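Everything on this sheet refers to the single structure shown next.
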Amino acid sequence: MNHLQLQTHGNYAILTFDREGSSANIFDRPALVELSEKLDALAAHPELKGLVIRSAKPTIFVAGADLKVLSSVEGAELRDLIELGQATFEKLAHLPYATIAAINGACVGGGFELALACDWRVASDAPATKIGLPETSLGILPAWGGTTRLPRLIGLPAALPLILGGKIMNARAAKAKGLVDEVVAPENLDQVALTYLTKGKRRVKSHRLSNSALTAPLIEAKAKHDLMAKTRGLYPAQLAALEVASNAAHGLVSDGLHHEREAILRLAGRPETHQLMRLFFLQERAKKHRVVEAEPKTIGRCAVIGAGVMGSGIAYWLSTRGHEVVLREVNEEALARGMKVISKNYADARKHHVLTEHQVNRGMDRLFPTSQPVPLDRCDLVIEAAVEKLEIKKKIFADLATRTRPDTILATNTSALPIRELAESIPNPERLVGLHFFNPVHRMPLVEVVRSSHTSDTVLATAVAFVRSIGKLPVVVKDSPGFLVNRILMPYLVEAAQLFERGGDPQQIDDAMLDFGMPMGPLRLLDEVGLDVAGDVAKTLADAFPDRMKIPEVLGLLVSAGHTGRKSGSGFFNYDGHRTSTNPIALALRTGKEAAPADIASHLAMAMSREARMCLDEGIAGTADDIDLAMVLGTGYAPFRGGPMQYALDVASRPRGGTNPNNPKSHESSTRSPTLVT
């Protein structure tokens, strides 16, 4: 198979990646061997003025290593693959003339490590151009020179957040961070890249203040302190990358490559890495697998009903993705608040180089806010995001049915209310579907696509395709109280509140789940959601499952006393700016004096796993994998544990009296995949 085309044009050469029979350029062993051979041929011509590396693919420069290969090899085979990549990129770095990466499309992981081995990097501003090193999010680290070279390019303090965070960014954000030298229009990329031939070999800035043997350990110590506070040491890849990058900043490149190699060999076999890789493949599946045979229709103009937190968030996101959006709210004040939120989101995106000023202006121009009932016959999709009251939503849908075309898809963003009851309000109920976005919309990748008994295959296929087209990941679920994510999450939150009510210490309860790997403790999460909102969702589920869902009295008592969570300044905790403390009023409402169980984390985690098993048995989700993916993306369920279904498998696979199931450092977790928030 041919992966590369090498052409010489007078005194310079162009090396083009174009993987045969594939829409993507990736690195596997054959591709690396071919690249190494081409670089040997180039090294034999020192008279050349320079080399430009480009891609023939329209949306991908090089997407990195073949993760199917990387996740399946181990031991000597993995070492050989890592050494081959390092040696090949070292050949590129040591060519005696200028090397320029002309980046158009995805340039991530090993693809960006290739670019880092070049002297210069010029990127197009095409939407498909994404740049970064996401390896730590997969449980490994950049081991083809990325962990060593990036601190040398931009300095250790600037490099560490990018390596440890695994962040992928657009071209302009990458330039602001120093990852690329220039950003140009796609049609000018090749021409501008050639101008860098005259610059010769790059003289890399020394970064003496940050990269010296004296200061690098201090920066490492501070970064480790911050990392431990954030992750509690649950992600070995980040700790390993921190150590390697800090040492490589002031040592020899060869030493840095050695440490990269040894670190990835240690990390590759860890259970956390297996689960993070599994989740990556589940996300890739969610981007493209076919849920029904029907062909989706194209969605153009949209409308969003309700300009509250969710409505404004959805309208903002759709407008950034090229859709014209009618934003309807019942009064001018609420509409103005929603538009203020949208304007702030656009301003933040501009500030952080996510969008250009031109893109911000175009996005705002796509929004049509109104407080008056307007015809919606030009809309292909209407998303209702009004208050979570069933009777109000029924009236909204009855009205929408009169102001939209018969084929306009009507969607609700409800987080728990039964869609089948909304279907009674409209003719043609087959066009009704749930699109449950998560808050904040511009950050949360998951959308639950809820199919009622009426929803047609065409509408379902269109909804799924639409979610993918706006850069979100769909998980299809059956219409049922709480759908999937909230149904699994609520028993966990309710059980945490019951532990508190019986006398448990709130900080101890929350700390246990932070140590488990959750991004926030359950009581703090209830406060963030709002105890009134959480109570409404809990009531919906309690009405549906009265035999096993009991709402703790403390929730209603706190709400009645005005303690609704962070928005009121107090709930289970008191909130004073960035300071948080236990709320003595909440403590006084406890009805018992029982200490929380010693295994709080396992106790609460299994509440989710049991509910997840019921959801699978009832067909709420199609597979255990769908459930795990939805819970990780929708709630932040500890990714390295794989999800509630995987956690139950791991617990069941351990002998009784074995190691602590909540401490990933104390056991080798099963890596077997399950059988297939508002």
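Letters for chains follow the order of the structure tokens (A, B, ...), residue numbers begin at 1 for each chain, and ligand numbers begin at 1 in the order shown.
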Near segment 589-601 of chain A, counting only C-alpha atoms, which residues have an atom at most 9 Å away, once you skip same-chain residues fewer than 6 positions from it, shown as a VMD selection string? chain A and resid 496 499 to 505 508 to 509 512 to 516 554 557 to 558 662
Same residues, C-alpha atoms, saved as a short mmCIF file (atom, residue, chain, number, x, y, z; two decimals), in the first residue's frame:
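Resulting contents of result_0.cif:
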data_model
loop_
_atom_site.label_atom_id
_atom_site.label_comp_id
_atom_site.auth_asym_id
_atom_site.auth_seq_id
_atom_site.Cartn_x
_atom_site.Cartn_y
_atom_site.Cartn_z
CA ALA A 496 -26.52 10.24 48.79
CA LEU A 499 -27.16 8.91 53.68
CA PHE A 500 -26.96 12.57 54.68
CA GLU A 501 -30.47 12.55 56.13
CA ARG A 502 -29.68 9.50 58.27
CA GLY A 503 -26.71 11.33 59.79
CA GLY A 504 -23.89 11.10 57.25
CA ASP A 505 -21.28 13.85 57.02
CA GLN A 508 -17.29 12.73 53.73
CA ILE A 509 -19.98 11.63 51.28
CA ALA A 512 -15.73 9.55 48.73
CA MET A 513 -17.13 10.09 45.24
CA LEU A 514 -14.36 12.52 44.32
CA ASP A 515 -11.90 9.79 45.28
CA PHE A 516 -13.93 7.40 43.12
CA VAL A 554 -34.62 16.90 53.59
CA LEU A 557 -37.50 20.98 53.73
CA LEU A 558 -34.47 22.79 52.33
CA ASN A 662 -12.74 1.91 44.46
#
Could you go through segment 417-606 of chain A and tell me which residues DSSP, when run on the backbone, assigns to alpha helix (DSSP H), listing them as a PyMOL selection string? chain A and resi 419-423+457-469+485-501+506-516+522-529+531-544+553-560+584-588+600-606
Store the residues picked out above in a file with C-alpha atoms, as a short mmCIF file (atom, residue, chain, number, x, y, z; two decimals), in the first residue's frame.
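Saved file again12.cif follows:
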data_model
loop_
_atom_site.label_atom_id
_atom_site.label_comp_id
_atom_site.auth_asym_id
_atom_site.auth_seq_id
_atom_site.Cartn_x
_atom_site.Cartn_y
_atom_site.Cartn_z
CA ILE A 419 -42.80 12.35 25.43
CA ARG A 420 -45.74 10.08 24.67
CA GLU A 421 -48.00 12.46 26.61
CA LEU A 422 -46.84 15.39 24.47
CA ALA A 423 -47.66 13.37 21.35
CA ASP A 457 -37.80 5.91 11.45
CA THR A 458 -37.22 8.88 9.17
CA VAL A 459 -37.61 11.36 12.01
CA LEU A 460 -35.29 9.30 14.22
CA ALA A 461 -32.67 9.02 11.47
CA THR A 462 -32.92 12.77 10.82
CA ALA A 463 -32.59 13.61 14.52
CA VAL A 464 -29.50 11.44 14.88
CA ALA A 465 -27.89 12.87 11.74
CA PHE A 466 -28.71 16.40 12.90
CA VAL A 467 -27.07 15.83 16.29
CA ARG A 468 -23.94 14.56 14.59
CA SER A 469 -23.94 17.47 12.13
CA VAL A 485 -28.97 9.45 32.09
CA ASN A 486 -31.27 11.07 34.65
CA ARG A 487 -32.89 7.77 35.49
CA ILE A 488 -29.52 6.23 36.34
CA LEU A 489 -28.17 9.35 38.01
CA MET A 490 -31.16 10.12 40.25
CA PRO A 491 -31.04 6.95 42.44
CA TYR A 492 -27.38 7.79 43.14
CA LEU A 493 -28.23 11.38 44.12
CA VAL A 494 -31.25 10.31 46.17
CA GLU A 495 -29.22 7.66 47.99
CA ALA A 496 -26.52 10.24 48.79
CA ALA A 497 -29.20 12.57 50.21
CA GLN A 498 -30.60 9.68 52.25
CA LEU A 499 -27.16 8.91 53.68
CA PHE A 500 -26.96 12.57 54.68
CA GLU A 501 -30.47 12.55 56.13
CA PRO A 506 -21.81 15.76 53.74
CA GLN A 507 -18.12 16.37 53.10
CA GLN A 508 -17.29 12.73 53.73
CA ILE A 509 -19.98 11.63 51.28
CA ASP A 510 -18.79 14.01 48.57
CA ASP A 511 -15.10 13.26 49.14
CA ALA A 512 -15.73 9.55 48.73
CA MET A 513 -17.13 10.09 45.24
CA LEU A 514 -14.36 12.52 44.32
CA ASP A 515 -11.90 9.79 45.28
CA PHE A 516 -13.93 7.40 43.12
CA PRO A 522 -23.39 14.07 44.75
CA LEU A 523 -24.55 16.61 47.34
CA ARG A 524 -22.63 19.38 45.66
CA LEU A 525 -24.12 18.29 42.33
CA LEU A 526 -27.62 18.52 43.78
CA ASP A 527 -26.80 22.06 44.90
CA GLU A 528 -25.48 22.96 41.45
CA VAL A 529 -28.53 21.56 39.64
CA LEU A 531 -32.64 21.27 44.86
CA ASP A 532 -35.99 22.39 43.46
CA VAL A 533 -35.14 21.19 39.95
CA ALA A 534 -33.67 17.93 41.25
CA GLY A 535 -36.78 17.46 43.37
CA ASP A 536 -39.02 17.80 40.30
CA VAL A 537 -37.02 15.17 38.41
CA ALA A 538 -36.97 12.90 41.47
CA LYS A 539 -40.76 13.24 41.78
CA THR A 540 -41.22 12.24 38.13
CA LEU A 541 -39.18 9.10 38.77
CA ALA A 542 -40.75 8.42 42.17
CA ASP A 543 -44.21 8.54 40.57
CA ALA A 544 -43.03 6.06 37.93
CA GLU A 553 -37.69 14.71 53.16
CA VAL A 554 -34.62 16.90 53.59
CA LEU A 555 -34.87 17.99 49.94
CA GLY A 556 -38.35 19.43 50.37
CA LEU A 557 -37.50 20.98 53.73
CA LEU A 558 -34.47 22.79 52.33
CA VAL A 559 -36.42 24.06 49.31
CA SER A 560 -39.30 25.25 51.52
CA PRO A 584 -25.57 24.19 59.52
CA ILE A 585 -29.27 24.56 58.69
CA ALA A 586 -29.05 21.46 56.49
CA LEU A 587 -27.19 19.60 59.23
CA ALA A 588 -29.96 20.44 61.69
CA ILE A 600 -19.54 4.96 50.57
CA ALA A 601 -18.20 5.04 47.02
CA SER A 602 -19.04 1.43 46.22
CA HIS A 603 -22.43 1.82 47.90
CA LEU A 604 -23.35 4.84 45.78
CA ALA A 605 -21.71 3.64 42.56
CA MET A 606 -23.65 0.38 42.70
#
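Using only C-alpha atoms, the contacts of segment 223-229 of chain A at a cut-off of 10 Å, with sequence neighbours closer than 5 positions omitted, comprise Pro157, Leu160, Pro161, Leu164, Pro217, Leu218, Leu234, Tyr235, Gln238, Leu239, Leu242, Glu243 and Ser246 of chain A.
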Only C-alpha atoms, please: the residues just picked out, written as a PDB file, in the first residue's frame.
ATOM      1  CA  PRO A 157       4.699  26.312  31.603  1.00  0.00           C
ATOM      2  CA  LEU A 160       2.124  21.383  30.315  1.00  0.00           C
ATOM      3  CA  PRO A 161      -1.575  22.398  30.146  1.00  0.00           C
ATOM      4  CA  LEU A 164      -1.796  17.140  30.431  1.00  0.00           C
ATOM      5  CA  PRO A 217      11.559  20.976  38.929  1.00  0.00           C
ATOM      6  CA  LEU A 218       9.810  23.906  40.644  1.00  0.00           C
ATOM      7  CA  LEU A 234      -6.446   8.766  39.426  1.00  0.00           C
ATOM      8  CA  TYR A 235      -4.987   9.316  35.944  1.00  0.00           C
ATOM      9  CA  GLN A 238      -1.004  12.732  33.265  1.00  0.00           C
ATOM     10  CA  LEU A 239       1.443  12.151  36.098  1.00  0.00           C
ATOM     11  CA  LEU A 242       4.284  15.670  33.663  1.00  0.00           C
ATOM     12  CA  GLU A 243       7.447  13.924  34.792  1.00  0.00           C
ATOM     13  CA  SER A 246       9.638  18.364  32.948  1.00  0.00           C
TER      14      SER A 246
END
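Each of A:Glu272, A:Asp628, A:Asp125, A:Asp40 was compared to Arg172 of chain A using only C-alpha atoms, and A:Asp125 turns out to be the nearest.
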Do you know which residues are at most 9 Å from Asn345 of chain A counting only C-alpha atoms, after dropping those on the same chain fewer than 5 positions away, and could you put them as a PyMOL selection string? chain A and resi 313+316+340+350+442
Resulting file, chosen residues, N, CA and C atoms, as a compact mmCIF listing (two decimals), in the first residue's frame:
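That gives us again_15.txt:
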# COMPACT_ATOMS: atom_id res chain seq x y z
N GLY A 313 -28.75 28.35 25.33
CA GLY A 313 -27.56 27.54 25.02
C GLY A 313 -27.71 26.78 23.71
N TYR A 316 -27.61 29.31 20.76
CA TYR A 316 -26.22 29.71 20.52
C TYR A 316 -25.47 28.64 19.74
N LYS A 340 -28.51 38.04 26.03
CA LYS A 340 -27.31 38.48 26.75
C LYS A 340 -26.38 37.30 26.99
N ARG A 350 -14.75 34.27 21.03
CA ARG A 350 -13.81 35.17 20.33
C ARG A 350 -12.55 35.37 21.16
N HIS A 442 -22.74 24.24 25.18
CA HIS A 442 -21.55 24.41 24.34
C HIS A 442 -20.37 23.56 24.83
To one decimal in Å, tell me the separation between atom CA of Arg321 of chain A and atom CA of Leu446 of chain A. 16.0 Å
Neighbours of segment 273-276 of chain A within 6 Å (only C-alpha atoms; same-chain residues fewer than 2 positions away dropped), as JSON, numbers by chain? {"A": [138, 139, 270, 271, 278, 279, 640, 642]}
Nearest to Ala171 of chain A by atom-to-atom distance, counting only C-alpha atoms, from A:Ile26, A:Leu156, A:Val304, A:Val108: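 Counting only C-alpha atoms, the residue closest to Ala171 of chain A is A:Val108.
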Fewer than 2 positions away in the same chain doesn't count, so skip those; otherwise give me all residues within 10 Å of Met364 of chain A, counting only C-alpha atoms, as a list in words. Tyr316, Ser319, Thr320, Glu324, Val325, Met339, Ile342, Ser343, Tyr346, Gln359, Val360, Asn361, Arg362, Arg366, Leu367 and Phe368 of chain A
Selection export as a PDB file, in the first residue's frame, atoms kept: N, CA and C atoms:
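Saved result, again26.pdb, follows:
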ATOM      1  N   TYR A 316     -27.609  29.307  20.761  1.00  0.00           N
ATOM      2  CA  TYR A 316     -26.217  29.712  20.523  1.00  0.00           C
ATOM      3  C   TYR A 316     -25.470  28.640  19.736  1.00  0.00           C
ATOM      4  N   SER A 319     -26.540  28.278  16.076  1.00  0.00           N
ATOM      5  CA  SER A 319     -26.116  29.403  15.236  1.00  0.00           C
ATOM      6  C   SER A 319     -24.624  29.323  14.927  1.00  0.00           C
ATOM      7  N   THR A 320     -23.827  28.789  15.854  1.00  0.00           N
ATOM      8  CA  THR A 320     -22.390  28.629  15.571  1.00  0.00           C
ATOM      9  C   THR A 320     -22.154  27.565  14.515  1.00  0.00           C
ATOM     10  N   GLU A 324     -29.732  29.029  10.782  1.00  0.00           N
ATOM     11  CA  GLU A 324     -30.557  30.168  11.168  1.00  0.00           C
ATOM     12  C   GLU A 324     -31.513  29.696  12.263  1.00  0.00           C
ATOM     13  N   VAL A 325     -31.674  30.537  13.305  1.00  0.00           N
ATOM     14  CA  VAL A 325     -32.457  30.120  14.468  1.00  0.00           C
ATOM     15  C   VAL A 325     -33.432  31.219  14.873  1.00  0.00           C
ATOM     16  N   MET A 339     -30.619  36.516  25.135  1.00  0.00           N
ATOM     17  CA  MET A 339     -29.702  37.073  24.138  1.00  0.00           C
ATOM     18  C   MET A 339     -28.417  37.578  24.786  1.00  0.00           C
ATOM     19  N   ILE A 342     -26.259  34.570  25.141  1.00  0.00           N
ATOM     20  CA  ILE A 342     -25.710  34.207  23.837  1.00  0.00           C
ATOM     21  C   ILE A 342     -24.572  35.145  23.447  1.00  0.00           C
ATOM     22  N   SER A 343     -24.759  36.435  23.645  1.00  0.00           N
ATOM     23  CA  SER A 343     -23.708  37.409  23.316  1.00  0.00           C
ATOM     24  C   SER A 343     -22.446  37.140  24.122  1.00  0.00           C
ATOM     25  N   TYR A 346     -20.617  34.140  22.703  1.00  0.00           N
ATOM     26  CA  TYR A 346     -19.875  34.515  21.498  1.00  0.00           C
ATOM     27  C   TYR A 346     -18.628  35.319  21.849  1.00  0.00           C
ATOM     28  N   GLN A 359     -16.704  35.303  12.237  1.00  0.00           N
ATOM     29  CA  GLN A 359     -17.587  34.186  12.550  1.00  0.00           C
ATOM     30  C   GLN A 359     -18.593  34.564  13.632  1.00  0.00           C
ATOM     31  N   VAL A 360     -18.151  35.362  14.596  1.00  0.00           N
ATOM     32  CA  VAL A 360     -19.062  35.831  15.642  1.00  0.00           C
ATOM     33  C   VAL A 360     -20.173  36.680  15.032  1.00  0.00           C
ATOM     34  N   ASN A 361     -19.795  37.600  14.160  1.00  0.00           N
ATOM     35  CA  ASN A 361     -20.798  38.479  13.538  1.00  0.00           C
ATOM     36  C   ASN A 361     -21.786  37.687  12.691  1.00  0.00           C
ATOM     37  N   ARG A 362     -21.272  36.724  11.941  1.00  0.00           N
ATOM     38  CA  ARG A 362     -22.161  35.905  11.113  1.00  0.00           C
ATOM     39  C   ARG A 362     -23.097  35.061  11.977  1.00  0.00           C
ATOM     40  N   ARG A 366     -27.408  35.120  12.370  1.00  0.00           N
ATOM     41  CA  ARG A 366     -28.290  33.977  12.103  1.00  0.00           C
ATOM     42  C   ARG A 366     -29.407  33.863  13.139  1.00  0.00           C
ATOM     43  N   LEU A 367     -29.346  34.657  14.196  1.00  0.00           N
ATOM     44  CA  LEU A 367     -30.333  34.588  15.269  1.00  0.00           C
ATOM     45  C   LEU A 367     -31.456  35.590  15.041  1.00  0.00           C
ATOM     46  N   PHE A 368     -32.692  35.125  15.226  1.00  0.00           N
ATOM     47  CA  PHE A 368     -33.864  35.973  15.042  1.00  0.00           C
ATOM     48  C   PHE A 368     -34.717  35.909  16.314  1.00  0.00           C
TER      49      PHE A 368
END
Quick one: residues within 12 Å of Thr215 of chain A, only C-alpha atoms counted, chain neighbours fewer than 3 positions away excluded, as number ranges by chain? A: 155-157, 207-212, 218-222, 246-247, 249-250
